[in-house]
>>> print(open('run_20.cif').read())   # mmCIF, C-alpha atoms
data_protein
#
loop_
_atom_site.label_atom_id
_atom_site.label_comp_id
_atom_site.auth_asym_id
_atom_site.auth_seq_id
_atom_site.Cartn_x
_atom_site.Cartn_y
_atom_site.Cartn_z
CA MET A 1 139.36 -36.49 -9.21
CA THR A 2 136.85 -35.83 -6.43
CA ILE A 3 134.31 -33.22 -5.35
CA ARG A 4 133.61 -32.39 -1.71
CA LEU A 5 130.27 -30.99 -0.54
CA PHE A 6 128.94 -29.49 2.68
CA LEU A 7 125.49 -30.72 3.69
CA CYS A 8 123.57 -30.28 6.90
CA GLY A 9 120.07 -30.60 8.27
CA ASP A 10 117.70 -27.88 9.40
CA VAL A 11 118.93 -24.31 9.67
CA MET A 12 116.30 -22.39 11.63
CA THR A 13 117.38 -18.78 11.89
CA GLY A 14 114.00 -17.39 12.90
CA ARG A 15 112.33 -16.68 16.21
CA GLY A 16 114.90 -16.58 19.06
CA ILE A 17 117.92 -16.63 16.72
CA ASP A 18 116.52 -13.69 14.76
CA GLN A 19 116.14 -11.72 17.98
CA VAL A 20 119.88 -11.69 18.74
CA LEU A 21 120.92 -10.77 15.17
CA PRO A 22 121.52 -7.13 14.17
CA HIS A 23 118.01 -6.44 12.79
CA PRO A 24 115.39 -8.49 14.68
CA SER A 25 111.79 -8.86 13.53
CA ASP A 26 108.81 -7.89 15.65
CA PRO A 27 109.10 -10.53 18.43
CA ARG A 28 105.36 -11.14 18.74
CA LEU A 29 104.43 -14.80 18.23
CA HIS A 30 101.14 -16.62 17.70
CA GLU A 31 101.99 -19.75 19.66
CA PRO A 32 99.73 -21.24 22.34
CA TYR A 33 102.20 -20.82 25.21
CA ILE A 34 104.96 -18.41 24.20
CA LYS A 35 104.00 -14.98 22.89
CA SER A 36 107.42 -13.42 22.32
CA ALA A 37 110.44 -14.72 20.40
CA LEU A 38 112.58 -13.04 23.04
CA ASP A 39 111.51 -15.74 25.47
CA TYR A 40 113.40 -18.36 23.45
CA ALA A 41 116.59 -16.36 23.91
CA ARG A 42 115.83 -16.11 27.62
CA LEU A 43 115.36 -19.89 27.90
CA ALA A 44 118.76 -20.42 26.27
CA GLU A 45 120.36 -17.92 28.63
CA LYS A 46 118.80 -19.65 31.61
CA ALA A 47 120.38 -22.92 30.45
CA ASN A 48 123.85 -21.76 29.45
CA GLY A 49 124.48 -18.11 30.27
CA PRO A 50 124.17 -14.65 28.73
CA ILE A 51 123.78 -14.21 24.97
CA PRO A 52 124.92 -10.92 23.43
CA ARG A 53 122.43 -8.93 21.37
CA ARG A 54 122.88 -7.37 17.92
CA VAL A 55 125.65 -9.89 17.29
CA ASP A 56 127.78 -10.01 14.18
CA PRO A 57 125.87 -11.98 11.51
CA ALA A 58 128.54 -14.71 11.58
CA TYR A 59 128.18 -15.16 15.36
CA ILE A 60 125.69 -18.04 15.19
CA TRP A 61 128.03 -20.15 13.04
CA GLY A 62 130.83 -19.95 15.60
CA GLU A 63 133.39 -22.73 15.20
CA ALA A 64 131.42 -24.22 12.31
CA LEU A 65 132.81 -21.54 9.98
CA GLY A 66 136.36 -22.69 10.55
CA GLU A 67 135.35 -26.30 9.91
CA ILE A 68 133.67 -25.39 6.62
CA GLU A 69 136.66 -23.36 5.47
CA ARG A 70 139.06 -26.15 6.43
CA ALA A 71 137.06 -28.68 4.41
CA ALA A 72 136.87 -26.28 1.42
CA PRO A 73 133.69 -27.76 -0.09
CA ALA A 74 132.84 -27.04 -3.71
CA ALA A 75 129.20 -26.40 -2.75
CA ARG A 76 127.34 -25.64 0.49
CA VAL A 77 123.74 -26.87 0.75
CA VAL A 78 121.37 -26.45 3.72
CA ASN A 79 117.68 -26.90 4.47
CA LEU A 80 116.47 -23.42 5.47
CA GLU A 81 113.45 -24.02 7.67
CA THR A 82 112.57 -20.37 8.17
CA ALA A 83 110.73 -17.73 6.14
CA VAL A 84 112.87 -14.66 5.45
CA THR A 85 110.25 -11.96 5.52
CA SER A 86 108.74 -8.95 7.23
CA SER A 87 105.22 -10.19 6.33
CA ASP A 88 102.53 -10.23 9.00
CA GLU A 89 100.39 -12.65 6.97
CA TRP A 90 100.87 -15.42 9.51
CA GLU A 91 99.37 -18.88 9.11
CA ALA A 92 97.31 -20.15 12.04
CA LYS A 93 99.36 -23.32 12.49
CA GLY A 94 100.76 -23.00 16.01
CA ILE A 95 104.42 -22.33 15.17
CA ASN A 96 105.63 -19.60 12.82
CA TYR A 97 109.31 -19.09 11.97
CA ARG A 98 110.61 -15.95 10.32
CA MET A 99 113.87 -14.08 10.10
CA SER A 100 114.10 -10.44 9.11
CA PRO A 101 115.33 -9.97 5.52
CA ALA A 102 117.77 -7.44 6.96
CA ASN A 103 119.55 -10.37 8.68
CA ILE A 104 120.34 -12.22 5.44
CA ALA A 105 124.05 -11.74 6.16
CA CYS A 106 123.81 -14.58 8.69
CA LEU A 107 123.54 -16.90 5.66
CA THR A 108 125.94 -15.12 3.33
CA SER A 109 128.56 -15.03 6.10
CA ALA A 110 128.72 -18.84 5.80
CA ARG A 111 128.77 -18.54 1.99
CA ILE A 112 125.76 -20.82 1.62
CA ASP A 113 125.25 -21.68 -2.05
CA CYS A 114 121.80 -23.27 -1.96
CA CYS A 115 118.85 -23.39 0.43
CA GLY A 116 116.32 -26.18 0.14
CA LEU A 117 112.92 -24.70 0.97
CA ALA A 118 110.49 -27.63 0.72
CA ASN A 119 109.65 -27.85 4.40
CA ASN A 120 106.86 -27.17 6.90
CA HIS A 121 107.89 -23.61 7.84
CA VAL A 122 108.68 -21.79 4.58
CA LEU A 123 105.03 -20.69 4.18
CA ASP A 124 104.48 -19.81 7.84
CA TRP A 125 103.96 -16.19 6.80
CA GLY A 126 101.84 -16.82 3.74
CA ALA A 127 102.41 -16.52 0.01
CA GLY A 128 103.70 -12.98 0.45
CA GLY A 129 106.25 -14.23 2.96
CA LEU A 130 107.38 -16.94 0.54
CA ALA A 131 107.78 -14.42 -2.28
CA GLU A 132 109.90 -12.18 -0.06
CA THR A 133 111.96 -15.19 1.06
CA LEU A 134 112.73 -16.09 -2.54
CA ASP A 135 113.52 -12.50 -3.53
CA THR A 136 115.78 -11.95 -0.51
CA LEU A 137 117.76 -15.15 -1.04
CA HIS A 138 118.15 -14.60 -4.76
CA ARG A 139 119.31 -11.00 -4.30
CA ALA A 140 121.93 -12.34 -1.90
CA GLY A 141 123.18 -14.76 -4.57
CA ILE A 142 121.77 -17.85 -2.84
CA ARG A 143 120.04 -20.35 -5.08
CA THR A 144 116.88 -22.11 -3.96
CA SER A 145 114.93 -25.25 -4.71
CA GLY A 146 111.73 -26.77 -3.40
CA ALA A 147 109.50 -23.68 -3.26
CA GLY A 148 108.34 -21.14 -5.78
CA ARG A 149 105.57 -19.02 -7.26
CA SER A 150 104.39 -22.01 -9.30
CA ALA A 151 104.88 -25.76 -9.46
CA GLU A 152 107.38 -25.31 -12.26
CA GLU A 153 109.57 -23.01 -10.15
CA ALA A 154 109.19 -25.10 -6.98
CA GLU A 155 110.11 -28.36 -8.73
CA ALA A 156 113.01 -27.01 -10.77
CA PRO A 157 116.41 -28.04 -9.39
CA ALA A 158 118.89 -25.42 -8.29
CA VAL A 159 121.99 -25.44 -10.48
CA LEU A 160 125.36 -24.81 -8.80
CA GLY A 161 128.56 -24.41 -10.76
CA LEU A 162 131.50 -26.62 -9.87
CA ARG A 163 135.01 -26.58 -11.25
CA GLY A 164 135.73 -27.23 -14.91
CA GLY A 165 132.19 -26.48 -16.00
CA GLN A 166 130.72 -29.35 -14.00
CA ARG A 167 127.49 -28.65 -12.15
CA LEU A 168 125.59 -29.81 -9.07
CA LEU A 169 121.79 -30.05 -9.30
CA VAL A 170 119.78 -29.86 -6.07
CA ALA A 171 116.10 -30.84 -6.01
CA SER A 172 114.22 -30.27 -2.75
CA LEU A 173 110.90 -31.89 -1.81
CA GLY A 174 108.71 -31.97 1.28
CA ALA A 175 106.58 -34.91 2.46
CA PRO A 176 103.44 -34.82 4.61
CA THR A 177 105.17 -37.04 7.19
CA SER A 178 107.28 -33.99 8.17
CA GLY A 179 104.21 -31.81 8.69
CA VAL A 180 104.05 -30.12 5.28
CA PRO A 181 100.31 -29.41 4.73
CA PRO A 182 98.87 -30.70 1.45
CA SER A 183 97.43 -27.22 0.90
CA TRP A 184 100.99 -25.91 0.55
CA ALA A 185 101.64 -27.91 -2.63
CA ALA A 186 102.61 -25.62 -5.48
CA ARG A 187 100.32 -25.68 -8.49
CA ALA A 188 100.36 -24.07 -11.92
CA GLY A 189 100.24 -20.36 -11.17
CA ARG A 190 99.93 -20.96 -7.40
CA PRO A 191 102.88 -20.55 -5.02
CA GLY A 192 103.93 -23.34 -2.70
CA VAL A 193 106.38 -26.15 -2.15
CA ALA A 194 107.44 -29.16 -4.21
CA TYR A 195 105.16 -31.62 -2.46
CA LEU A 196 106.02 -35.32 -2.24
CA ASN A 197 102.65 -36.95 -1.70
CA GLU A 198 103.88 -40.54 -1.91
CA LEU A 199 107.09 -42.49 -1.51
CA SER A 200 106.85 -44.63 -4.62
CA GLY A 201 108.99 -45.75 -7.51
CA SER A 202 106.89 -43.67 -9.89
CA ALA A 203 107.44 -40.58 -7.72
CA ALA A 204 111.21 -41.23 -7.83
CA GLN A 205 111.06 -41.55 -11.61
CA GLY A 206 109.11 -38.28 -11.81
CA ILE A 207 111.81 -36.45 -9.84
CA ALA A 208 114.46 -37.96 -12.11
CA ARG A 209 112.57 -36.85 -15.24
CA ARG A 210 112.28 -33.28 -14.00
CA MET A 211 116.00 -33.19 -13.18
CA ALA A 212 116.82 -34.73 -16.56
CA ALA A 213 115.27 -31.70 -18.27
CA THR A 214 118.12 -29.63 -16.79
CA ARG A 215 120.83 -32.25 -16.29
CA ARG A 216 123.81 -32.41 -18.62
CA ALA A 217 126.42 -35.11 -19.01
CA GLY A 218 128.78 -34.97 -16.04
CA ASP A 219 126.36 -33.19 -13.67
CA LEU A 220 125.98 -34.51 -10.12
CA ALA A 221 122.56 -34.63 -8.45
CA VAL A 222 121.41 -34.23 -4.84
CA VAL A 223 117.80 -34.93 -3.85
CA SER A 224 116.99 -33.14 -0.58
CA LEU A 225 113.99 -34.56 1.32
CA HIS A 226 112.14 -33.09 4.28
CA TRP A 227 110.42 -36.21 5.57
CA GLY A 228 109.54 -38.16 8.67
CA PRO A 229 108.74 -37.13 12.25
CA ASN A 230 110.80 -34.94 14.54
CA TRP A 231 111.83 -37.73 16.90
CA GLY A 232 112.76 -41.38 16.51
CA TYR A 233 115.56 -43.35 14.84
CA GLU A 234 113.31 -45.65 12.82
CA VAL A 235 113.74 -45.62 9.06
CA TRP A 236 110.49 -46.90 7.60
CA PRO A 237 110.73 -49.58 4.89
CA GLU A 238 109.00 -47.29 2.40
CA GLU A 239 111.61 -44.58 3.12
CA GLN A 240 114.46 -46.96 2.43
CA ARG A 241 112.81 -48.22 -0.76
CA PHE A 242 112.20 -44.67 -1.95
CA ALA A 243 115.74 -43.50 -1.17
CA ARG A 244 117.14 -46.47 -3.05
CA SER A 245 114.75 -45.81 -5.95
CA LEU A 246 116.11 -42.27 -6.18
CA ILE A 247 119.66 -43.63 -6.40
CA GLU A 248 118.59 -46.12 -9.06
CA ALA A 249 116.92 -43.26 -10.97
CA GLY A 250 120.14 -41.24 -11.04
CA ALA A 251 120.55 -39.35 -7.77
CA ASP A 252 124.11 -39.26 -6.41
CA VAL A 253 123.16 -38.21 -2.86
CA VAL A 254 119.90 -38.44 -0.92
CA HIS A 255 119.91 -35.66 1.68
CA GLY A 256 117.23 -36.33 4.30
CA HIS A 257 116.17 -34.04 7.13
CA SER A 258 113.27 -33.13 9.47
CA SER A 259 114.27 -35.17 12.53
CA HIS A 260 115.64 -32.94 15.29
CA HIS A 261 118.46 -35.42 15.79
CA VAL A 262 120.91 -37.35 13.64
CA LYS A 263 119.84 -40.71 12.19
CA GLY A 264 121.61 -43.63 10.51
CA VAL A 265 123.52 -43.49 7.21
CA GLU A 266 123.39 -45.90 4.27
CA VAL A 267 125.57 -46.36 1.20
CA PHE A 268 123.61 -48.00 -1.62
CA ARG A 269 125.28 -48.92 -4.90
CA GLY A 270 128.15 -46.71 -3.83
CA LYS A 271 125.91 -43.65 -3.30
CA LEU A 272 125.24 -41.78 -0.04
CA ILE A 273 121.86 -41.80 1.71
CA LEU A 274 121.48 -39.52 4.75
CA TYR A 275 118.14 -40.44 6.32
CA GLY A 276 118.13 -37.65 8.89
CA CYS A 277 120.80 -34.99 9.33
CA GLY A 278 119.36 -33.48 12.52
CA ASP A 279 119.23 -29.77 13.27
CA LEU A 280 122.28 -27.60 12.82
CA ILE A 281 120.92 -24.23 13.98
CA ASN A 282 117.79 -23.74 16.08
CA ASP A 283 116.53 -21.89 19.15
CA TYR A 284 115.65 -25.01 21.18
CA GLU A 285 118.41 -24.48 23.74
CA GLY A 286 116.95 -24.74 27.22
CA ILE A 287 113.76 -26.52 26.10
CA GLY A 288 113.32 -29.88 27.80
CA GLY A 289 112.00 -33.15 26.40
CA HIS A 290 113.34 -36.05 24.30
CA GLU A 291 116.76 -35.80 25.95
CA GLU A 292 117.53 -39.42 25.05
CA PHE A 293 117.93 -38.36 21.40
CA ARG A 294 120.51 -35.66 22.20
CA GLY A 295 118.91 -33.12 19.92
CA ASP A 296 121.46 -30.61 21.24
CA LEU A 297 124.10 -32.39 19.13
CA GLY A 298 124.32 -32.09 15.36
CA LEU A 299 126.60 -33.12 12.53
CA MET A 300 128.17 -31.27 9.65
CA TYR A 301 128.52 -33.64 6.67
CA PHE A 302 131.39 -33.39 4.19
CA PRO A 303 130.93 -36.14 1.58
CA THR A 304 133.66 -36.61 -1.02
CA LEU A 305 132.32 -37.89 -4.34
CA ASP A 306 134.03 -39.23 -7.41
CA GLU A 307 133.43 -36.41 -9.87
CA ARG A 308 132.68 -38.78 -12.75
CA SER A 309 130.53 -41.47 -11.14
CA GLY A 310 129.16 -39.60 -8.12
CA LYS A 311 130.10 -42.55 -5.93
CA LEU A 312 131.04 -41.88 -2.34
CA GLU A 313 134.78 -41.87 -1.76
CA GLY A 314 134.50 -40.88 1.90
CA LEU A 315 132.31 -39.07 4.43
CA GLU A 316 133.78 -36.87 7.12
CA MET A 317 131.40 -35.71 9.83
CA VAL A 318 132.02 -32.99 12.40
CA ALA A 319 130.07 -33.05 15.65
CA ILE A 320 128.67 -29.69 16.67
CA ARG A 321 126.40 -28.24 19.34
CA MET A 322 124.78 -24.88 20.00
CA ARG A 323 125.58 -23.01 23.21
CA ARG A 324 124.36 -19.45 23.75
CA PHE A 325 123.05 -19.54 20.17
CA ARG A 326 126.54 -20.16 18.78
CA LEU A 327 127.88 -23.38 17.23
CA GLU A 328 130.86 -24.99 18.94
CA ARG A 329 132.71 -28.28 18.91
CA PRO A 330 131.39 -30.44 21.78
CA PRO A 331 133.45 -32.35 24.35
CA ALA A 332 135.04 -35.61 23.22
CA ALA A 333 132.45 -37.60 25.18
CA ASP A 334 129.65 -36.09 23.10
CA ALA A 335 131.43 -36.88 19.84
CA GLY A 336 131.81 -40.40 21.18
CA TRP A 337 128.07 -40.54 21.89
CA ILE A 338 127.36 -39.66 18.25
CA ARG A 339 129.88 -42.29 17.10
CA ASP A 340 128.11 -44.94 19.19
CA MET A 341 124.72 -43.89 17.80
CA LEU A 342 125.96 -44.04 14.19
CA GLU A 343 127.40 -47.48 14.90
CA ARG A 344 124.13 -48.72 16.37
CA GLU A 345 121.79 -47.20 13.78
CA GLY A 346 124.11 -47.94 10.87
CA ARG A 347 124.36 -51.65 11.64
CA ARG A 348 121.23 -52.44 9.61
CA PHE A 349 122.74 -50.57 6.66
CA GLY A 350 126.22 -52.07 6.93
CA THR A 351 127.80 -48.77 8.00
CA GLY A 352 129.62 -47.56 11.06
CA ALA A 353 131.66 -44.62 12.26
CA THR A 354 135.21 -44.09 13.46
CA LEU A 355 136.06 -41.31 15.90
CA ARG A 356 139.44 -39.97 14.86
CA ALA A 357 142.15 -38.50 17.05
CA ASP A 358 141.22 -34.99 15.86
CA GLY A 359 137.67 -35.44 17.18
CA ARG A 360 136.09 -35.71 13.73
CA LEU A 361 134.25 -38.78 12.51
CA SER A 362 134.61 -40.90 9.38
CA LEU A 363 131.96 -43.21 7.94
CA ARG A 364 132.87 -46.86 7.48
CA PHE A 365 131.08 -48.53 4.59
#
>>> encode(input="run_20.cif", output="structure tokens")
Amino acid sequence: MTIRLFLCGDVMTGRGIDQVLPHPSDPRLHEPYIKSALDYARLAEKANGPIPRRVDPAYIWGEALGEIERAAPAARVVNLETAVTSSDEWEAKGINYRMSPANIACLTSARIDCCGLANNHVLDWGAGGLAETLDTLHRAGIRTSGAGRSAEEAEAPAVLGLRGGQRLLVASLGAPTSGVPPSWAARAGRPGVAYLNELSGSAAQGIARRMAATRRAGDLAVVSLHWGPNWGYEVWPEEQRFARSLIEAGADVVHGHSSHHVKGVEVFRGKLILYGCGDLINDYEGIGGHEEFRGDLGLMYFPTLDERSGKLEGLEMVAIRMRRFRLERPPAADAGWIRDMLEREGRRFGTGATLRADGRLSLRF
């Protein structure tokens, strides 16, 4: 028997995205060059045409919703790189993402089960903004990991029920290489994120021990990591060693994100390592720079795991892009570009990708 999951990279529903949803936040920003979130919507419109306002909450997911329903995953896990808050307690850090709590239906419309929160934007609106983010997600029935009102809450894995009483544990951690400030690390009695200050074997063992306190026989485990820079295909040797250490310590999937584009995939001891899933939803449409990485293209990942061993039976990937703040399947040439990139970047890991007749991709390993 097997279990299928849905995983993706960064879901950034704040700023320009929030402005086209039914209940937008105050659009004022505290960025050096852009002072209104509405300008991000205008940039996207300049690139690709008019975007409706006060859209249905499911609008931004577009064709992705049909792909998720077709795949029928047992659990849906994303990295939510946006505070969900009405707080005005903004951090002076240059970029501040928030979505109005009244727009939470944009996540429930995709039936997201778990949001990883250990990233460099969840505290953009202070401790009060984090508390409201947690409360809003939990009221909506969405579990969280990676941030909390204390270290204990931030480091505790989310527990998702699967069929037959089996469970999926999701632990989320953020590394300084992705821009998570050390001051955001959760402490005893102090809110913050589960902070990964070093990529070491002992750190991997510590994550495994914390998960073991919750883990039962038969549970599967995902470790979700916000790490590395926004741009570049390189996987640093210490990242590969750490990802492999997590697998050796008991993780079934390593779910990496932070890069604005898709990176290579490894299968180690039969277990899946996603080094960088790229962005799924953002408001970068119409913003120039780094075009060689094709940050406009993303992937939806549907790994199928053996329910007993957690080993990867297969990985289907669906190419996606955002146009007019709505996800859509890209032209065949773009899916082919992603295939070629996965082939090139996967060579060092012994993996490749096949572009199928239906336009979806399968991992070769």
>>> resolve_selection(input="run_20.cif", expression="the PyMOL selection byres ((chain A and resi 57) around 7)", output="PDB file with C-alpha atoms, keeping the file's coordinate frame")
ATOM      1  CA  LEU A  21     120.920 -10.770  15.170  1.00  0.00           C
ATOM      2  CA  VAL A  55     125.650  -9.890  17.290  1.00  0.00           C
ATOM      3  CA  ASP A  56     127.780 -10.010  14.180  1.00  0.00           C
ATOM      4  CA  ALA A  58     128.540 -14.710  11.580  1.00  0.00           C
ATOM      5  CA  TYR A  59     128.180 -15.160  15.360  1.00  0.00           C
ATOM      6  CA  ALA A 105     124.050 -11.740   6.160  1.00  0.00           C
ATOM      7  CA  CYS A 106     123.810 -14.580   8.690  1.00  0.00           C
ATOM      8  CA  SER A 109     128.560 -15.030   6.100  1.00  0.00           C
TER       9      SER A 109
END
>>> residues_around(input="run_20.cif", residues="region 224-235 of chain A", least_positions_apart="6", cutoff="7 Å", atoms="only C-alpha atoms", output="list of chain:residue names")
A:Ala118, A:Asn119, A:Val170, A:Ala171, A:Ser172, A:Leu173, A:Gly174, A:Ala175, A:Thr177, A:Ser178, A:Val254, A:His255, A:Gly256, A:His257, A:Ser258, A:Ser259, A:His260, A:Lys263
>>> write_last_selection(input="run_20.cif", atoms="C-alpha atoms", output="PDB file, keeping the file's coordinate frame")
ATOM      1  CA  ALA A 118     110.490 -27.630   0.720  1.00  0.00           C
ATOM      2  CA  ASN A 119     109.650 -27.850   4.400  1.00  0.00           C
ATOM      3  CA  VAL A 170     119.780 -29.860  -6.070  1.00  0.00           C
ATOM      4  CA  ALA A 171     116.100 -30.840  -6.010  1.00  0.00           C
ATOM      5  CA  SER A 172     114.220 -30.270  -2.750  1.00  0.00           C
ATOM      6  CA  LEU A 173     110.900 -31.890  -1.810  1.00  0.00           C
ATOM      7  CA  GLY A 174     108.710 -31.970   1.280  1.00  0.00           C
ATOM      8  CA  ALA A 175     106.580 -34.910   2.460  1.00  0.00           C
ATOM      9  CA  THR A 177     105.170 -37.040   7.190  1.00  0.00           C
ATOM     10  CA  SER A 178     107.280 -33.990   8.170  1.00  0.00           C
ATOM     11  CA  VAL A 254     119.900 -38.440  -0.920  1.00  0.00           C
ATOM     12  CA  HIS A 255     119.910 -35.660   1.680  1.00  0.00           C
ATOM     13  CA  GLY A 256     117.230 -36.330   4.300  1.00  0.00           C
ATOM     14  CA  HIS A 257     116.170 -34.040   7.130  1.00  0.00           C
ATOM     15  CA  SER A 258     113.270 -33.130   9.470  1.00  0.00           C
ATOM     16  CA  SER A 259     114.270 -35.170  12.530  1.00  0.00           C
ATOM     17  CA  HIS A 260     115.640 -32.940  15.290  1.00  0.00           C
ATOM     18  CA  LYS A 263     119.840 -40.710  12.190  1.00  0.00           C
TER      19      LYS A 263
END
>>> atom_distance(input="run_20.cif", atom1="CA of Glu63 (chain A)", atom2="CA of Arg329 (chain A)")
6.7 Å
>>> atom_distance(input="run_20.cif", atom1="CA of Glu132 (chain A)", atom2="CA of His23 (chain A)")
16.2 Å
>>> residues_around(input="run_20.cif", residues="Glu31 (chain A)", least_positions_apart="3", cutoff="7 Å", atoms="all atoms listed in the file", output="mmCIF file with C-alpha atoms, in the coordinates of the input")
data_model
loop_
_atom_site.group_PDB
_atom_site.id
_atom_site.type_symbol
_atom_site.label_atom_id
_atom_site.label_comp_id
_atom_site.auth_asym_id
_atom_site.auth_seq_id
_atom_site.Cartn_x
_atom_site.Cartn_y
_atom_site.Cartn_z
ATOM 1 C CA ILE A 34 104.960 -18.410 24.200
ATOM 2 C CA LYS A 35 104.000 -14.980 22.890
ATOM 3 C CA GLY A 94 100.760 -23.000 16.010
ATOM 4 C CA ILE A 95 104.420 -22.330 15.170
#
>>> closest_atom_pairs(input="run_20.cif", of="region 115-218 of chain A", to="region 291-313 of chain A", cutoff="10 Å", atoms="all atoms listed in the file", output="JSON lines")
{"residue": "A:Leu162", "atom": "CA", "partner": "A:Glu307", "partner_atom": "CA", "distance": 10.0}
{"residue": "A:Gln166", "atom": "CA", "partner": "A:Glu307", "partner_atom": "CA", "distance": 8.6}
{"residue": "A:Ala217", "atom": "CA", "partner": "A:Arg308", "partner_atom": "CA", "distance": 9.6}
{"residue": "A:Gly218", "atom": "CA", "partner": "A:Arg308", "partner_atom": "CA", "distance": 6.4}
>>> resolve_selection(input="run_20.cif", expression="the PyMOL selection byres ((chain A and resi 62) around 9)", output="list in words")
Ala58, Tyr59, Ile60, Trp61, Glu63, Ala64, Leu65, Gly66, Met322, Arg326, Leu327 and Glu328 of chain A
>>> residues_around(input="run_20.cif", residues="Gly346 (chain A)", least_positions_apart="4", cutoff="7 Å", atoms="all atoms listed in the file", output="compact mmCIF listing (two decimals) with C-alpha atoms, keeping the file's coordinate frame")
# COMPACT_ATOMS: atom_id res chain seq x y z
CA GLY A 264 121.61 -43.63 10.51
CA VAL A 265 123.52 -43.49 7.21
CA GLU A 266 123.39 -45.90 4.27
CA LEU A 342 125.96 -44.04 14.19
CA GLY A 350 126.22 -52.07 6.93
CA THR A 351 127.80 -48.77 8.00
CA GLY A 352 129.62 -47.56 11.06
>>> atom_distance(input="run_20.cif", atom1="CA of Leu280 (chain A)", atom2="CA of Glu81 (chain A)")
10.8 Å
>>> closest_residue(input="run_20.cif", among="A:Ala92, A:Arg269, A:Gly189, A:Arg15", to="Tyr40 (chain A)", atoms="all atoms listed in the file")
A:Arg15
>>> resolve_selection(input="run_20.cif", expression="the PyMOL selection byres ((chain A and resi 7) around 12)", output="short mmCIF file (atom, residue, chain, number, x, y, z; two decimals) with C-alpha atoms, in the frame of the given file")
data_model
loop_
_atom_site.label_atom_id
_atom_site.label_comp_id
_atom_site.auth_asym_id
_atom_site.auth_seq_id
_atom_site.Cartn_x
_atom_site.Cartn_y
_atom_site.Cartn_z
CA ARG A 4 133.61 -32.39 -1.71
CA LEU A 5 130.27 -30.99 -0.54
CA PHE A 6 128.94 -29.49 2.68
CA CYS A 8 123.57 -30.28 6.90
CA GLY A 9 120.07 -30.60 8.27
CA ASP A 10 117.70 -27.88 9.40
CA VAL A 11 118.93 -24.31 9.67
CA ILE A 68 133.67 -25.39 6.62
CA ALA A 71 137.06 -28.68 4.41
CA PRO A 73 133.69 -27.76 -0.09
CA ALA A 74 132.84 -27.04 -3.71
CA ALA A 75 129.20 -26.40 -2.75
CA ARG A 76 127.34 -25.64 0.49
CA VAL A 77 123.74 -26.87 0.75
CA VAL A 78 121.37 -26.45 3.72
CA ASN A 79 117.68 -26.90 4.47
CA LEU A 80 116.47 -23.42 5.47
CA ILE A 112 125.76 -20.82 1.62
CA ASP A 113 125.25 -21.68 -2.05
CA CYS A 114 121.80 -23.27 -1.96
CA CYS A 115 118.85 -23.39 0.43
CA GLY A 116 116.32 -26.18 0.14
CA VAL A 170 119.78 -29.86 -6.07
CA VAL A 222 121.41 -34.23 -4.84
CA VAL A 223 117.80 -34.93 -3.85
CA SER A 224 116.99 -33.14 -0.58
CA VAL A 253 123.16 -38.21 -2.86
CA VAL A 254 119.90 -38.44 -0.92
CA HIS A 255 119.91 -35.66 1.68
CA GLY A 256 117.23 -36.33 4.30
CA HIS A 257 116.17 -34.04 7.13
CA LEU A 272 125.24 -41.78 -0.04
CA ILE A 273 121.86 -41.80 1.71
CA LEU A 274 121.48 -39.52 4.75
CA GLY A 276 118.13 -37.65 8.89
CA CYS A 277 120.80 -34.99 9.33
CA GLY A 278 119.36 -33.48 12.52
CA ASP A 279 119.23 -29.77 13.27
CA LEU A 280 122.28 -27.60 12.82
CA GLY A 298 124.32 -32.09 15.36
CA LEU A 299 126.60 -33.12 12.53
CA MET A 300 128.17 -31.27 9.65
CA TYR A 301 128.52 -33.64 6.67
CA PHE A 302 131.39 -33.39 4.19
CA PRO A 303 130.93 -36.14 1.58
CA THR A 304 133.66 -36.61 -1.02
CA LEU A 315 132.31 -39.07 4.43
CA GLU A 316 133.78 -36.87 7.12
CA MET A 317 131.40 -35.71 9.83
CA VAL A 318 132.02 -32.99 12.40
#
>>> build_atoms(input="run_20.cif", residues="region 264-271 of chain A", atoms="N, CA and C atoms", output="PDB file, in the coordinates of the input")
ATOM      1  N   GLY A 264     120.641 -42.753  11.138  1.00  0.00           N
ATOM      2  CA  GLY A 264     121.610 -43.630  10.510  1.00  0.00           C
ATOM      3  C   GLY A 264     121.916 -43.247   9.063  1.00  0.00           C
ATOM      4  N   VAL A 265     123.014 -43.792   8.552  1.00  0.00           N
ATOM      5  CA  VAL A 265     123.520 -43.490   7.210  1.00  0.00           C
ATOM      6  C   VAL A 265     123.634 -44.791   6.425  1.00  0.00           C
ATOM      7  N   GLU A 266     123.265 -44.741   5.146  1.00  0.00           N
ATOM      8  CA  GLU A 266     123.390 -45.900   4.270  1.00  0.00           C
ATOM      9  C   GLU A 266     124.215 -45.528   3.043  1.00  0.00           C
ATOM     10  N   VAL A 267     124.918 -46.494   2.506  1.00  0.00           N
ATOM     11  CA  VAL A 267     125.570 -46.360   1.200  1.00  0.00           C
ATOM     12  C   VAL A 267     124.990 -47.457   0.324  1.00  0.00           C
ATOM     13  N   PHE A 268     124.289 -47.053  -0.740  1.00  0.00           N
ATOM     14  CA  PHE A 268     123.610 -48.000  -1.620  1.00  0.00           C
ATOM     15  C   PHE A 268     124.153 -47.836  -3.029  1.00  0.00           C
ATOM     16  N   ARG A 269     124.653 -48.940  -3.584  1.00  0.00           N
ATOM     17  CA  ARG A 269     125.280 -48.920  -4.900  1.00  0.00           C
ATOM     18  C   ARG A 269     126.356 -47.834  -4.992  1.00  0.00           C
ATOM     19  N   GLY A 270     127.047 -47.669  -3.870  1.00  0.00           N
ATOM     20  CA  GLY A 270     128.150 -46.710  -3.830  1.00  0.00           C
ATOM     21  C   GLY A 270     127.719 -45.273  -3.620  1.00  0.00           C
ATOM     22  N   LYS A 271     126.419 -45.020  -3.440  1.00  0.00           N
ATOM     23  CA  LYS A 271     125.910 -43.650  -3.300  1.00  0.00           C
ATOM     24  C   LYS A 271     125.410 -43.412  -1.874  1.00  0.00           C
TER      25      LYS A 271
END
